[in-house]
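Containing compact mmCIF, C-alpha atoms: data.txt.
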```txt
# COMPACT_ATOMS: atom_id res chain seq x y z
CA TRP S 1 -8.85 11.59 3.55
CA GLN S 2 -6.51 8.64 4.09
CA PHE S 3 -9.18 6.05 3.33
CA SER S 4 -10.31 8.06 0.29
CA GLN S 5 -6.77 7.89 -1.11
CA PHE S 6 -6.72 4.16 -0.30
CA LEU S 7 -9.88 3.77 -2.40
CA HIS S 8 -8.45 5.72 -5.34
CA GLY S 9 -5.18 3.82 -5.11
CA GLU S 10 -6.98 0.46 -5.16
CA GLN S 11 -8.98 1.53 -8.20
CA GLY S 12 -5.72 2.44 -9.93
CA ALA S 13 -4.16 -0.85 -8.86
CA MET S 14 -7.12 -2.74 -10.33
CA VAL S 15 -6.69 -1.03 -13.70
CA CYS S 16 -2.91 -1.53 -13.55
CA ALA S 17 -3.18 -5.25 -12.75
CA ALA S 18 -5.66 -5.67 -15.61
CA ARG S 19 -3.19 -3.91 -17.92
CA ILE S 20 -0.45 -6.34 -16.88
CA VAL S 21 -2.72 -9.27 -17.83
CA GLU S 22 -2.58 -7.91 -21.40
CA SER S 23 1.11 -7.09 -21.55
CA ALA S 24 2.96 -9.56 -19.29
CA PRO S 25 5.27 -11.81 -21.33
CA ASP S 26 4.54 -15.19 -19.72
CA LEU S 27 1.41 -17.10 -18.81
CA ASP S 28 2.14 -17.37 -15.07
CA ALA S 29 2.42 -13.58 -14.79
CA LYS S 30 -0.86 -13.17 -16.70
CA PHE S 31 -2.63 -15.64 -14.41
CA TYR S 32 -1.30 -13.99 -11.26
CA SER S 33 -2.20 -10.51 -12.49
CA ALA S 34 -5.73 -11.73 -13.18
CA THR S 35 -6.09 -12.88 -9.57
CA GLN S 36 -4.60 -9.59 -8.37
CA THR S 37 -7.15 -7.67 -10.45
CA MET S 38 -9.87 -9.51 -8.55
CA ASP S 39 -8.16 -8.74 -5.20
CA GLU S 40 -7.91 -5.03 -6.01
CA ALA S 41 -11.55 -4.90 -7.10
CA ARG S 42 -12.55 -6.43 -3.77
CA HIS S 43 -10.37 -3.91 -1.88
CA ALA S 44 -11.89 -0.99 -3.80
CA GLU S 45 -15.40 -2.18 -2.98
CA LEU S 46 -14.43 -2.64 0.68
CA TYR S 47 -13.02 0.87 1.04
CA SER S 48 -15.96 2.34 -0.88
CA ARG S 49 -18.46 0.72 1.48
CA PHE S 50 -16.45 1.77 4.54
CA LEU S 51 -16.35 5.39 3.37
CA ARG S 52 -20.00 5.41 2.33
CA ASP S 53 -21.60 3.44 5.16
CA LYS S 54 -19.35 4.19 8.15
CA ILE S 55 -17.67 7.56 7.55
CA GLY S 56 -19.99 9.34 5.11
CA THR S 57 -17.24 11.45 3.55
CA LEU S 58 -15.24 10.94 0.36
CA TYR S 59 -12.34 13.13 -0.78
CA PRO S 60 -11.27 13.34 -4.45
CA ILE S 61 -7.98 11.78 -5.48
CA ASN S 62 -4.87 13.72 -4.45
CA GLY S 63 -3.37 15.41 -7.53
CA ASP S 64 0.10 13.97 -7.01
CA LEU S 65 -1.24 10.45 -6.48
CA ARG S 66 -3.18 10.91 -9.72
CA THR S 67 0.05 11.90 -11.48
CA LEU S 68 1.93 8.90 -10.11
CA LEU S 69 -0.86 6.53 -11.17
CA GLY S 70 -1.02 8.21 -14.57
CA ASP S 71 2.72 7.88 -15.16
CA THR S 72 2.48 4.19 -14.22
CA LEU S 73 -0.47 3.48 -16.51
CA ARG S 74 0.67 5.49 -19.51
CA ASP S 75 3.82 3.42 -20.03
CA SER S 76 3.06 0.43 -22.25
CA ARG S 77 5.95 -1.68 -20.91
CA TRP S 78 4.72 -4.35 -18.50
CA ASP S 79 7.65 -4.00 -16.13
CA MET S 80 7.05 -0.27 -15.67
CA ALA S 81 3.50 -1.01 -14.59
CA TYR S 82 4.90 -3.53 -12.08
CA LEU S 83 7.56 -1.09 -10.91
CA GLY S 84 5.14 1.78 -10.42
CA MET S 85 2.38 -0.28 -8.86
CA GLN S 86 3.93 -3.25 -7.05
CA VAL S 87 7.00 -1.44 -5.74
CA LEU S 88 6.16 2.25 -5.34
CA ILE S 89 2.39 2.58 -4.92
CA GLU S 90 1.94 -0.73 -3.04
CA GLY S 91 4.93 0.21 -0.86
CA LEU S 92 3.31 3.58 -0.16
CA ALA S 93 0.00 1.88 0.62
CA LEU S 94 1.55 -0.69 2.96
CA ALA S 95 3.24 2.07 4.96
CA ALA S 96 -0.01 4.04 5.29
CA PHE S 97 -2.11 0.92 5.98
CA GLY S 98 0.37 -0.27 8.62
CA LEU S 99 0.51 3.09 10.39
CA ILE S 100 -3.26 3.26 10.86
CA ARG S 101 -3.55 -0.46 11.61
CA ASP S 102 -1.02 -0.15 14.42
CA THR S 103 -2.28 3.12 15.92
CA THR S 104 -6.08 2.97 15.68
CA ASP S 105 -8.15 1.82 18.65
CA ARG S 106 -11.12 0.97 16.40
CA PRO S 107 -11.47 -2.74 15.57
CA LEU S 108 -13.18 -2.36 12.16
CA PRO S 109 -10.50 -0.28 10.36
CA GLN S 110 -7.83 -2.40 12.05
CA GLN S 111 -9.36 -5.58 10.66
CA ILE S 112 -9.94 -4.08 7.20
CA LEU S 113 -6.33 -2.91 6.92
CA ALA S 114 -4.81 -6.10 8.32
CA TYR S 115 -6.69 -8.28 5.82
CA VAL S 116 -5.93 -5.99 2.86
CA MET S 117 -2.23 -5.97 3.85
CA GLN S 118 -2.29 -9.77 3.82
CA ASP S 119 -3.26 -9.64 0.13
CA GLU S 120 -0.82 -6.85 -0.70
CA ALA S 121 2.08 -8.83 0.78
CA ARG S 122 1.45 -11.50 -1.87
CA HIS S 123 1.26 -8.91 -4.64
CA VAL S 124 4.57 -7.30 -3.69
CA ALA S 125 6.26 -10.71 -3.38
CA PHE S 126 5.21 -11.72 -6.88
CA GLY S 127 6.24 -8.35 -8.33
CA ARG S 128 9.67 -8.70 -6.72
CA MET S 129 10.22 -12.12 -8.27
CA ALA S 130 9.07 -11.03 -11.72
CA LEU S 131 11.13 -7.84 -11.79
CA ARG S 132 14.25 -9.37 -10.24
CA ASP S 133 14.47 -11.95 -13.01
CA TYR S 134 13.67 -9.47 -15.78
CA TYR S 135 16.07 -6.72 -14.66
CA ARG S 136 19.02 -9.09 -14.83
CA GLN S 137 18.56 -8.99 -18.61
CA LEU S 138 18.47 -5.20 -19.06
CA SER S 139 21.27 -2.90 -20.14
CA ASP S 140 22.74 -0.21 -17.89
CA ALA S 141 20.86 2.48 -19.84
CA GLU S 142 17.54 0.66 -19.37
CA LEU S 143 18.19 0.22 -15.65
CA ARG S 144 19.07 3.92 -15.30
CA GLU S 145 15.72 4.87 -16.87
CA ARG S 146 13.88 2.78 -14.32
CA GLU S 147 15.95 4.20 -11.47
CA GLU S 148 15.01 7.73 -12.57
CA PHE S 149 11.35 6.73 -12.43
CA VAL S 150 11.82 5.38 -8.89
CA ILE S 151 13.68 8.51 -7.71
CA GLU S 152 11.02 10.87 -9.04
CA GLY S 153 8.21 8.77 -7.56
CA CYS S 154 9.86 8.59 -4.14
CA TYR S 155 10.32 12.36 -3.93
CA VAL S 156 6.67 12.90 -4.90
CA MET S 157 5.46 10.45 -2.24
CA ARG S 158 7.65 11.96 0.46
CA ASP S 159 7.01 15.63 -0.25
CA ARG S 160 3.52 15.89 -1.71
CA LEU S 161 1.18 13.34 -0.08
CA ARG S 162 0.45 15.19 3.16
CA GLY S 163 -3.32 15.63 3.49
CA VAL S 164 -3.27 19.42 3.08
CA GLU S 165 -6.71 19.10 1.44
CA VAL S 166 -8.26 18.18 4.81
CA LEU S 167 -7.22 21.43 6.46
CA GLU S 168 -8.16 23.46 3.38
CA ASN S 169 -11.59 21.84 3.53
CA LEU S 170 -11.88 23.19 7.09
CA GLY S 171 -11.23 26.74 5.85
CA ILE S 172 -7.51 27.02 6.69
CA PRO S 173 -5.48 28.88 4.01
CA LYS S 174 -3.22 26.64 1.95
CA ALA S 175 0.11 28.07 3.14
CA GLU S 176 -0.94 27.76 6.77
CA ALA S 177 -2.31 24.25 6.15
CA GLU S 178 1.01 23.18 4.62
CA GLU S 179 2.86 24.50 7.67
CA TYR S 180 0.56 22.58 10.05
CA CYS S 181 0.99 19.38 8.03
CA GLU S 182 4.77 19.65 8.08
CA ARG S 183 4.67 19.82 11.89
CA SER S 184 2.28 16.88 12.20
CA PRO S 185 3.66 13.97 14.29
CA PHE S 186 1.48 11.63 12.20
CA LEU S 187 3.15 12.82 8.98
CA HIS S 188 6.60 12.35 10.52
CA MET S 189 5.68 8.78 11.51
CA PHE S 190 4.34 8.14 8.02
CA ARG S 191 7.50 9.42 6.32
CA LYS S 192 9.63 7.28 8.60
CA LEU S 193 7.67 4.17 7.61
CA LEU S 194 7.11 5.13 3.97
CA PHE S 195 10.38 3.79 2.66
CA SER S 196 10.59 0.75 4.95
CA ARG S 197 8.96 -1.36 2.21
CA ILE S 198 10.15 0.48 -0.88
CA VAL S 199 13.93 0.77 -0.39
CA PRO S 200 14.67 -2.93 0.36
CA CYS S 201 12.39 -3.95 -2.52
CA VAL S 202 14.15 -1.60 -4.96
CA LYS S 203 17.52 -2.99 -3.89
CA ASP S 204 16.28 -6.58 -4.11
CA ILE S 205 15.10 -6.26 -7.73
CA GLY S 206 18.48 -4.88 -8.83
CA LEU S 207 17.90 -1.11 -9.08
CA TRP S 208 20.76 0.12 -6.93
CA GLY S 209 22.82 2.45 -9.09
CA GLU S 210 24.94 5.30 -7.78
CA ARG S 211 22.40 8.03 -8.55
CA LEU S 212 19.60 6.13 -6.84
CA GLN S 213 21.75 5.56 -3.77
CA ARG S 214 22.61 9.29 -3.64
CA ALA S 215 18.90 10.13 -3.75
CA TYR S 216 18.24 7.76 -0.85
CA VAL S 217 21.12 9.33 1.09
CA ASP S 218 19.47 12.73 0.50
CA MET S 219 16.17 11.33 1.81
CA GLY S 220 17.96 9.76 4.78
CA VAL S 221 16.74 6.23 3.99
CA LEU S 222 19.70 4.48 2.36
CA GLU S 223 20.23 2.17 5.35
CA LEU S 224 16.72 0.73 4.85
CA GLY S 225 18.12 -1.15 1.85
CA ASP S 226 19.41 -3.75 4.31
CA SER S 227 16.00 -4.27 5.94
CA ASN S 228 14.51 -7.75 5.89
CA LEU S 229 11.49 -7.31 3.64
CA ASP S 230 10.42 -10.95 3.96
CA GLN S 231 10.27 -10.55 7.74
CA LEU S 232 8.07 -7.44 7.43
CA MET S 233 5.68 -9.29 5.12
CA SER S 234 5.65 -12.28 7.44
CA GLN S 235 4.70 -10.00 10.35
CA ASP S 236 1.77 -8.66 8.30
CA GLU S 237 0.57 -12.22 7.72
CA GLU S 238 0.93 -13.15 11.39
CA LEU S 239 -0.96 -10.08 12.59
CA ALA S 240 -3.89 -10.83 10.27
CA GLU S 241 -3.92 -14.44 11.49
CA ARG S 242 -3.97 -13.29 15.14
CA LEU S 243 -6.91 -11.00 14.39
CA ASP S 244 -8.66 -13.99 12.83
CA GLU S 245 -8.06 -16.08 15.94
CA ARG S 246 -9.39 -13.36 18.25
CA ARG S 247 -12.43 -12.76 16.06
CA PHE S 248 -13.27 -16.46 15.81
CA ALA S 249 -12.77 -16.89 19.58
CA ALA S 250 -15.14 -13.99 20.26
CA GLU S 251 -17.73 -15.41 17.86
CA GLU S 252 -17.43 -18.85 19.44
CA ALA S 253 -17.84 -17.42 22.93
CA GLU S 254 -20.92 -15.50 21.78
CA ARG S 255 -22.46 -18.64 20.26
CA THR S 256 -21.65 -20.63 23.40
CA GLY S 257 -23.36 -17.98 25.49
CA GLU S 258 -26.45 -18.12 23.26
CA VAL S 259 -26.61 -21.93 23.59
CA GLU S 260 -26.24 -21.77 27.37
CA GLU S 261 -28.91 -19.09 27.59
CA ALA S 262 -31.25 -21.21 25.45
CA ILE S 263 -30.66 -24.22 27.71
CA VAL S 264 -31.40 -22.22 30.84
CA GLN S 265 -34.50 -20.72 29.25
CA GLY S 266 -35.69 -24.14 28.08
CA ALA S 267 -35.18 -25.64 31.56
CA ALA S 268 -37.12 -22.79 33.14
CA GLU S 269 -40.03 -23.18 30.73
CA GLY S 270 -40.00 -26.98 31.26
```
Step by step, read the file and then write its structure as structure tokens.
Amino acid sequence: WQFSQFLHGEQGAMVCAARIVESAPDLDAKFYSATQTMDEARHAELYSRFLRDKIGTLYPINGDLRTLLGDTLRDSRWDMAYLGMQVLIEGLALAAFGLIRDTTDRPLPQQILAYVMQDEARHVAFGRMALRDYYRQLSDAELREREEFVIEGCYVMRDRLRGVEVLENLGIPKAEAEEYCERSPFLHMFRKLLFSRIVPCVKDIGLWGERLQRAYVDMGVLELGDSNLDQLMSQDEELAERLDERRFAAEEAERTGEVEEAIVQGAAEG
């Protein structure tokens, strides 16, 4: 279910990045969004192959994720697409990716998620820069509208993306499935990490009005506004690089073993 939602989210991100190519006001933003569109297409293909070839199960898109993607894509303003995708949905994805990456004992999903997170760190960084500069120019009323969008999106992500569909698929009644999900240690870990990327990013781009802060107090995440987002992104990069080093070392050792075996075999035949 998690990887299915990753696939649907990446498909939405691909469409959203392509939309920004059309609507972004400057050439640099258009160029970057074009490269991001390519990244998201690659991610979507990767998750699709993983689900098809390795898991053999694909869940439909969660209704609330569909709504969040729809709200992001329906707005014609380029910055709203950035805000919905680069800040909220990418922040949601990074939390979910990171949780599985750090808890799985399977090397393939760990590698997939680490490498995707390496790309997403770049996307979020560019979105932060673009929005930070643009939001300095907006009026208080315009900033309030964007803060309302963030508040609504954060409540949806916290309260509605729980994986109830998995238990329903196993024949458990919806009310009982919701109760099980609410008690899930995995869900509690996810909610704790969910806002670790979103809150400091929202504060950094200049959306930090009184109503938004009250909402984050209600969610119990206001203090995350002081988190070092650059350090988190740097850790994602370093982890992917360490995986690269281990993978290359293992491949090199395997090739060395093959060469040594060939030498021994050749000497024996000689």
Identify the residues within 7 Å of coordinate (-4.4, -3.6, 12.4) (same frame as the file), considering only C-alpha atoms, and give the answer as JSON, numbers by chain. {"S": [98, 101, 102, 110, 111, 113, 114]}
Filtering to C-alpha atoms, could you give me those residues as a compact mmCIF listing (two decimals), in the coordinates of the input?
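As written to disk, selection30.txt reads:
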```txt
# COMPACT_ATOMS: atom_id res chain seq x y z
CA GLY S 98 0.37 -0.27 8.62
CA ARG S 101 -3.55 -0.46 11.61
CA ASP S 102 -1.02 -0.15 14.42
CA GLN S 110 -7.83 -2.40 12.05
CA GLN S 111 -9.36 -5.58 10.66
CA LEU S 113 -6.33 -2.91 6.92
CA ALA S 114 -4.81 -6.10 8.32
```
Near Pro109 (chain S), within 10 Å and counting only C-alpha atoms, which residues show up once chain neighbours fewer than 2 positions away are dropped, as a ChimeraX atom specification? /S:3,47,50,97,100-101,104-107,111-115
Saved selection, atoms kept: C-alpha atoms, as a PDB file, in the frame of the given file:
```pdb
ATOM      1  CA  PHE S   3      -9.180   6.050   3.330  1.00  0.00           C
ATOM      2  CA  TYR S  47     -13.020   0.870   1.040  1.00  0.00           C
ATOM      3  CA  PHE S  50     -16.450   1.770   4.540  1.00  0.00           C
ATOM      4  CA  PHE S  97      -2.110   0.920   5.980  1.00  0.00           C
ATOM      5  CA  ILE S 100      -3.260   3.260  10.860  1.00  0.00           C
ATOM      6  CA  ARG S 101      -3.550  -0.460  11.610  1.00  0.00           C
ATOM      7  CA  THR S 104      -6.080   2.970  15.680  1.00  0.00           C
ATOM      8  CA  ASP S 105      -8.150   1.820  18.650  1.00  0.00           C
ATOM      9  CA  ARG S 106     -11.120   0.970  16.400  1.00  0.00           C
ATOM     10  CA  PRO S 107     -11.470  -2.740  15.570  1.00  0.00           C
ATOM     11  CA  GLN S 111      -9.360  -5.580  10.660  1.00  0.00           C
ATOM     12  CA  ILE S 112      -9.940  -4.080   7.200  1.00  0.00           C
ATOM     13  CA  LEU S 113      -6.330  -2.910   6.920  1.00  0.00           C
ATOM     14  CA  ALA S 114      -4.810  -6.100   8.320  1.00  0.00           C
ATOM     15  CA  TYR S 115      -6.690  -8.280   5.820  1.00  0.00           C
TER      16      TYR S 115
END
```
May I have the protein, DNA and RNA residues with an atom at most 9 Å from (11.6, 2.4, -10.1), counting all atoms listed in the file in the file's coordinates, returned as a list in words?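 Here the neighbourhood of the point contains Met80, Leu83, Gly84, Val87, Leu88, Leu143, Glu145, Arg146, Glu147, Glu148, Phe149, Val150, Ile151, Glu152, Gly153, Cys154, Val202 and Leu207 of chain S.
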Identify, on the basis of all atoms listed in the file, every residue whose closest approach to region 172-189 of chain S does not exceed 8 Å; exclude the query and any residue fewer than 3 positions from it along the same chain; express the result as an mmCIF file with C-alpha atoms, in the coordinates of the input.
```
data_model
loop_
_atom_site.group_PDB
_atom_site.id
_atom_site.type_symbol
_atom_site.label_atom_id
_atom_site.label_comp_id
_atom_site.auth_asym_id
_atom_site.auth_seq_id
_atom_site.Cartn_x
_atom_site.Cartn_y
_atom_site.Cartn_z
ATOM 1 C CA LEU S 99 0.510 3.090 10.390
ATOM 2 C CA ARG S 162 0.450 15.190 3.160
ATOM 3 C CA GLY S 163 -3.320 15.630 3.490
ATOM 4 C CA VAL S 164 -3.270 19.420 3.080
ATOM 5 C CA LEU S 167 -7.220 21.430 6.460
ATOM 6 C CA GLU S 168 -8.160 23.460 3.380
ATOM 7 C CA ASN S 169 -11.590 21.840 3.530
ATOM 8 C CA LYS S 192 9.630 7.280 8.600
ATOM 9 C CA LEU S 193 7.670 4.170 7.610
#
```
Pick out the closest residue to Tyr59 (chain S) from this set: S:Val166, S:Tyr32, S:Ile205, S:Ala121. Count only C-alpha atoms.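 Going through S:Val166, S:Tyr32, S:Ile205, S:Ala121 one by one, the smallest distance to Tyr59 (chain S) is for S:Val166.
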I'd like the contact shell of Gln231 (chain S) - 12 Å cut-off, all atoms listed in the file, skipping same-chain residues fewer than 6 positions apart - returned as a list in words. Ala121, Ala125, Ser196, Arg197, Pro200, Glu237 and Glu238 of chain S
Those residues you just picked out, can you put them in a file as a PDB file, in the coordinates of the input with C-alpha atoms?
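Result saved to part-v1.pdb:
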```
ATOM      1  CA  ALA S 121       2.080  -8.830   0.780  1.00  0.00           C
ATOM      2  CA  ALA S 125       6.260 -10.710  -3.380  1.00  0.00           C
ATOM      3  CA  SER S 196      10.590   0.750   4.950  1.00  0.00           C
ATOM      4  CA  ARG S 197       8.960  -1.360   2.210  1.00  0.00           C
ATOM      5  CA  PRO S 200      14.670  -2.930   0.360  1.00  0.00           C
ATOM      6  CA  GLU S 237       0.570 -12.220   7.720  1.00  0.00           C
ATOM      7  CA  GLU S 238       0.930 -13.150  11.390  1.00  0.00           C
TER       8      GLU S 238
END
```
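Between Tyr82 (chain S) and the residues S:Ile55, S:Ala141, S:Ala96, S:Cys16, the shortest atom-to-atom distance, using all atoms listed in the file, involves S:Cys16.
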